[in-house]
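Data from data26.cif: mmCIF, C-alpha atoms
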```cif
data_input
#
loop_
_atom_site.label_atom_id
_atom_site.label_comp_id
_atom_site.auth_asym_id
_atom_site.auth_seq_id
_atom_site.Cartn_x
_atom_site.Cartn_y
_atom_site.Cartn_z
CA MET A 612 249.62 262.94 76.36
CA LYS A 613 252.08 264.64 74.06
CA ALA A 614 253.56 262.30 71.46
CA VAL A 615 256.07 262.52 68.64
CA PHE A 616 256.01 260.00 65.79
CA THR A 617 259.01 259.92 63.45
CA ILE A 618 259.27 257.71 60.38
CA GLU A 619 262.95 256.84 60.15
CA ARG A 620 262.81 254.75 57.00
CA VAL A 621 260.38 253.14 54.53
CA THR A 622 261.76 250.19 52.58
CA THR A 623 260.15 248.16 49.80
CA ILE A 624 260.75 244.46 50.43
CA ASN A 625 259.99 241.17 48.66
CA GLU A 626 259.24 238.93 51.64
CA ILE A 627 258.35 239.08 55.32
CA PRO A 628 261.09 237.71 57.59
CA SER A 629 260.32 234.50 59.46
CA TYR A 630 256.98 233.79 57.76
CA TRP A 631 258.28 230.51 56.35
CA SER A 632 260.17 228.28 58.77
CA LYS A 633 262.48 225.37 57.98
CA GLU A 634 259.75 223.11 59.36
CA ASP A 635 257.39 224.55 56.74
CA TYR A 636 259.89 223.79 53.99
CA PHE A 637 260.32 220.20 55.18
CA ALA A 638 256.55 219.77 55.32
CA LEU A 639 256.15 221.20 51.82
CA LEU A 640 258.85 218.93 50.42
CA LYS A 641 256.94 216.02 51.88
CA GLU A 642 253.73 217.31 50.25
CA PHE A 643 255.58 217.48 46.93
CA GLY A 644 256.79 213.89 47.39
CA LEU A 645 260.41 214.83 48.01
CA PRO A 646 261.12 214.30 51.71
CA VAL A 647 264.64 215.19 52.80
CA ALA A 648 266.75 214.92 55.93
CA ASN A 649 266.07 217.69 58.41
CA THR A 650 269.77 218.47 58.62
CA ILE A 651 269.90 220.40 55.35
CA SER A 652 270.09 224.21 55.37
CA GLU A 653 267.30 226.64 54.51
CA ASN A 654 268.95 227.51 51.20
CA GLU A 655 269.16 223.82 50.35
CA CYS A 656 265.44 223.49 51.16
CA ILE A 657 264.70 226.17 48.54
CA GLU A 658 266.86 224.34 46.00
CA TYR A 659 265.03 221.08 46.65
CA LEU A 660 261.68 222.85 46.42
CA GLN A 661 262.70 224.26 43.03
CA MET A 662 263.48 220.73 41.93
CA ALA A 663 260.13 219.49 43.23
CA VAL A 664 257.99 222.14 41.53
CA SER A 665 259.82 221.73 38.22
CA GLU A 666 257.74 218.58 37.72
CA LEU A 667 254.45 220.49 38.12
CA GLU A 668 252.57 223.28 36.42
CA PRO A 669 252.73 226.56 38.38
CA ASN A 670 249.05 226.47 39.30
CA GLU A 671 249.45 222.92 40.62
CA SER A 672 252.27 224.02 42.91
CA ALA A 673 250.15 226.97 44.01
CA GLN A 674 247.39 224.54 44.99
CA VAL A 675 249.82 222.60 47.18
CA LEU A 676 250.97 225.74 49.01
CA LEU A 677 247.46 227.15 49.35
CA THR A 678 246.18 223.86 50.74
CA TYR A 679 249.09 223.62 53.18
CA LYS A 680 248.55 227.11 54.58
CA LEU A 681 244.89 227.94 54.02
CA SER A 682 242.80 224.74 53.85
CA GLU A 683 241.19 225.80 57.12
CA TYR A 684 239.78 228.92 55.43
CA LEU A 685 239.34 227.96 51.77
CA ASN A 686 237.56 225.05 50.14
CA GLU A 687 238.92 223.09 47.18
CA ASN A 688 237.09 225.16 44.57
CA GLN A 689 238.37 228.40 46.05
CA ILE A 690 241.92 227.06 46.17
CA GLU A 691 241.72 225.95 42.54
CA GLN A 692 240.39 229.36 41.46
CA ILE A 693 243.01 231.30 43.40
CA SER A 694 245.81 229.06 42.12
CA ASN A 695 244.92 230.08 38.57
CA ASP A 696 244.29 233.74 39.36
CA MET A 697 247.66 234.06 41.11
CA LEU A 698 249.46 233.66 37.79
CA ILE A 699 247.96 236.84 36.37
CA ASP A 700 246.90 239.02 39.33
CA LYS A 701 248.28 240.14 42.67
CA ILE A 702 245.69 238.20 44.65
CA SER A 703 247.26 239.27 47.94
CA GLU A 704 246.08 242.80 47.14
CA GLU A 705 242.73 241.98 45.54
CA TYR A 706 241.23 239.15 47.58
CA PRO A 707 238.14 240.43 49.45
CA GLU A 708 239.03 238.75 52.76
CA ILE A 709 241.87 240.94 53.99
CA ASN A 710 242.64 238.58 56.88
CA LEU A 711 244.14 236.26 54.23
CA HIS A 712 246.30 238.88 52.51
CA TYR A 713 249.43 238.17 54.57
CA ASP A 714 249.28 234.44 53.84
CA LEU A 715 248.46 234.98 50.17
CA TYR A 716 251.34 237.43 49.82
CA SER A 717 253.85 235.04 51.38
CA ILE A 718 252.60 232.11 49.30
CA ASN A 719 252.82 234.24 46.15
CA GLN A 720 256.36 235.37 46.92
CA LEU A 721 257.61 231.85 47.56
CA LEU A 722 256.11 230.77 44.24
CA PHE A 723 257.69 233.81 42.56
CA LYS A 724 261.07 232.66 43.88
CA LEU A 725 260.58 228.99 43.02
CA TYR A 726 259.43 229.73 39.46
CA ASN A 727 261.89 232.54 38.74
CA GLY A 728 259.27 235.20 38.14
CA LYS A 729 256.35 233.33 36.56
CA PHE A 730 254.11 234.73 39.29
CA PRO A 731 253.56 238.49 39.77
CA ASN A 732 256.08 240.08 42.12
CA ALA A 733 253.98 241.59 44.91
CA LYS A 734 255.64 244.17 47.13
CA ALA A 735 255.57 244.81 50.85
CA SER A 736 256.60 247.83 52.92
CA LEU A 737 258.77 247.93 56.01
CA ILE A 738 258.17 251.14 57.96
CA GLU A 739 260.58 251.94 60.77
CA LEU A 740 258.94 254.24 63.27
CA LEU A 741 260.24 256.01 66.38
CA VAL A 742 257.54 256.60 69.02
CA GLU A 743 258.09 259.08 71.86
CA ILE A 744 255.21 259.58 74.30
CA ASN A 745 255.50 261.48 77.56
CA ASP A 746 254.81 259.39 80.68
CA TYR A 747 253.68 256.32 78.74
CA SER A 748 255.67 253.09 78.70
CA GLU A 749 253.19 250.62 77.17
CA ASN A 750 253.68 249.18 73.71
CA LEU A 751 251.28 250.58 71.15
CA THR A 752 248.77 248.27 69.49
CA LYS A 753 248.50 247.83 65.73
CA ASP A 754 245.36 249.99 65.89
CA GLU A 755 247.19 252.84 67.64
CA VAL A 756 250.17 252.61 65.30
CA LEU A 757 248.04 252.62 62.16
CA ARG A 758 245.90 255.58 63.25
CA ASN A 759 248.99 257.70 63.75
CA LEU A 760 250.61 256.55 60.52
CA MET A 761 247.50 257.76 58.72
CA LYS A 762 248.11 261.25 60.13
CA MET A 763 251.37 261.17 58.18
CA SER A 764 249.88 259.86 54.94
CA SER A 765 248.21 261.26 51.85
CA ASP A 766 244.43 261.59 51.78
CA SER A 767 244.39 259.38 48.69
CA ILE A 768 245.81 256.38 50.54
CA VAL A 769 243.49 253.38 50.20
CA ILE A 770 243.15 252.87 53.97
CA LYS A 771 241.58 256.30 54.38
CA ARG A 772 239.24 255.71 51.46
CA LEU A 773 238.04 252.31 52.70
CA PHE A 774 238.04 252.87 56.46
CA SER A 775 237.48 256.59 57.03
CA ASP A 776 234.65 255.90 59.48
CA LYS A 777 236.87 253.60 61.56
CA LEU A 778 239.74 256.08 61.61
CA GLU A 779 237.50 258.93 62.70
CA GLY A 780 235.60 256.95 65.33
CA ASP A 781 236.49 255.90 68.87
CA GLU A 782 235.72 252.22 68.40
CA PRO A 783 238.61 249.76 67.96
CA PHE A 784 239.82 249.55 64.36
CA GLU A 785 239.86 245.76 64.15
CA GLU A 786 241.01 245.68 60.51
CA ALA A 787 244.35 247.15 61.65
CA ASN A 788 245.32 243.64 62.77
CA ASP A 789 245.03 242.45 59.15
CA ILE A 790 246.52 245.57 57.52
CA ILE A 791 249.65 245.48 59.67
CA TRP A 792 250.97 241.98 59.03
CA LYS A 793 253.82 241.99 61.50
CA LEU A 794 254.80 244.44 64.22
CA ASP A 795 258.22 244.17 65.87
CA ILE A 796 258.86 246.42 68.86
CA GLU A 797 262.17 247.14 70.55
CA GLY A 798 261.95 249.97 73.06
CA ASN A 799 260.62 253.02 71.23
CA HIS A 800 261.44 251.58 67.82
CA TYR A 801 258.66 249.93 65.82
CA LYS A 802 259.06 247.88 62.64
CA ILE A 803 255.80 247.70 60.72
CA TYR A 804 255.37 245.18 57.91
CA THR A 805 252.44 245.61 55.54
CA SER A 806 251.52 245.43 51.88
CA GLU A 807 252.68 248.19 49.56
CA TYR A 808 249.04 248.20 48.49
CA TRP A 809 248.11 249.54 51.94
CA ILE A 810 251.07 251.88 52.54
CA ALA A 811 253.63 252.80 49.90
CA ASN A 812 256.64 255.06 50.38
CA GLU A 813 255.26 257.79 48.11
CA GLU A 814 252.05 257.97 50.15
CA ILE A 815 253.92 259.20 53.24
CA ILE A 816 253.69 263.00 53.12
CA THR A 817 255.51 263.85 56.34
CA SER A 818 258.09 261.93 58.33
CA LYS A 819 257.36 263.54 61.71
CA ILE A 820 254.31 264.67 63.65
CA GLU A 821 253.69 266.02 67.13
CA THR A 822 250.23 265.07 68.33
CA GLU A 823 248.03 264.22 71.29
CA PHE A 824 247.96 260.52 72.08
CA GLU A 825 245.13 258.77 73.88
CA PRO A 826 245.38 255.01 74.42
CA ILE A 827 242.52 253.03 72.92
CA VAL A 828 240.55 251.38 75.67
CA ILE A 829 238.78 248.12 74.78
CA GLU A 830 235.79 247.61 77.06
#
```

How does this structure look as structure tokens?
Amino acid sequence: MKAVFTIERVTTINEIPSYWSKEDYFALLKEFGLPVANTISENECIEYLQMAVSELEPNESAQVLLTYKLSEYLNENQIEQISNDMLIDKISEEYPEINLHYDLYSINQLLFKLYNGKFPNAKASLIELLVEINDYSENLTKDEVLRNLMKMSSDSIVIKRLFSDKLEGDEPFEEANDIIWKLDIEGNHYKIYTSEYWIANEEIITSKIETEFEPIVIE
């Protein structure tokens, strides 16, 4: 099938919309020992959280957030180590388990906001993509989106260096689900949220391609 992929915009952003809910904020305030009425606004939640963390060292607050979000995947020693490393490194780009990058990024950015910059400011990318495929009305998967984005990207991009065999093969590229953190689709318009570590604006070398598209079939 003939397909046209057009990148309409690439924006550097500081947080992923809707990752943290008001319910999360209320739960965190309770963890910090500062429960509040659930009638307050989201902005007020942030203000109360800033008050709560002011009584703690940054790494102690990081431990609370890491435990709240990732205790299912990390043990206490790992959480303690990451809570210290987060103050000096962009752990959401360096941690070996890429399935945790989205959570680590969002935890880092909330801490960056609460501590007014004491944590590194990690960056994310929002890529707005127009997809036009003849006689095909299905939504594309993260795998299909990422493969075609790579056709528009520099050969030096880290995804190509780490996963060249996956990109060139016919097997499902399962890591695409962890590289693309959030995928919003409205008609032919796709909003792709990922780390700037994976895809940065300057690594896009063309904004439009015409190519053959074959849906990936999972057997």

Report task. Go through A:Ile718, A:Leu645, A:Leu778, A:Ile796 and flag the residue nearest Lys701 in chain A, using all atoms listed in the file for the distances. Result ->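 That would be A:Ile718, the residue with the smallest distance to Lys701 in chain A.
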
Query raised in the report: Can you find the residues with an atom no farther than 10 Å from (251.9, 244.3, 55.0), counting all atoms listed in the file, and report them as a PyMOL selection string?
Result: chain A and resi 624+626-627+703-704+712-713+716+734-738+789-794+803-810

Query raised in the report: Hey, what's within 8 Å of Glu743 in chain A if we count only C-alpha atoms and toss same-chain stuff fewer than 5 positions away? As JSON, numbers by chain, please?
Result: {"A": [614, 615, 616, 799]}

**Report entry** Selected residue of minimal separation from Phe723 in chain A among A:Ser775, A:Asn625, A:Pro646, A:Ser764, counting only C-alpha atoms
**Finding:** A:Asn625

Query raised in the report: Of the candidates A:Glu687, A:Asp754, A:Glu658, A:Asp700, which shows the shortest atom-to-atom distance to Leu725 in chain A, using only C-alpha atoms?
Result: A:Glu658

Requested in this report: Can you turn the PyMOL selection byres ((chain A and resi 801) around 6) into a concrete residue list for this file, as JSON, numbers by chain?
Outcome: {"A": [739, 740, 795, 796, 800, 802]}

Report summary line: Of A:Ile709, A:Val769, A:Leu760, A:Leu721, the one sitting nearest Ile657 in chain A when using only C-alpha atoms is A:Leu721
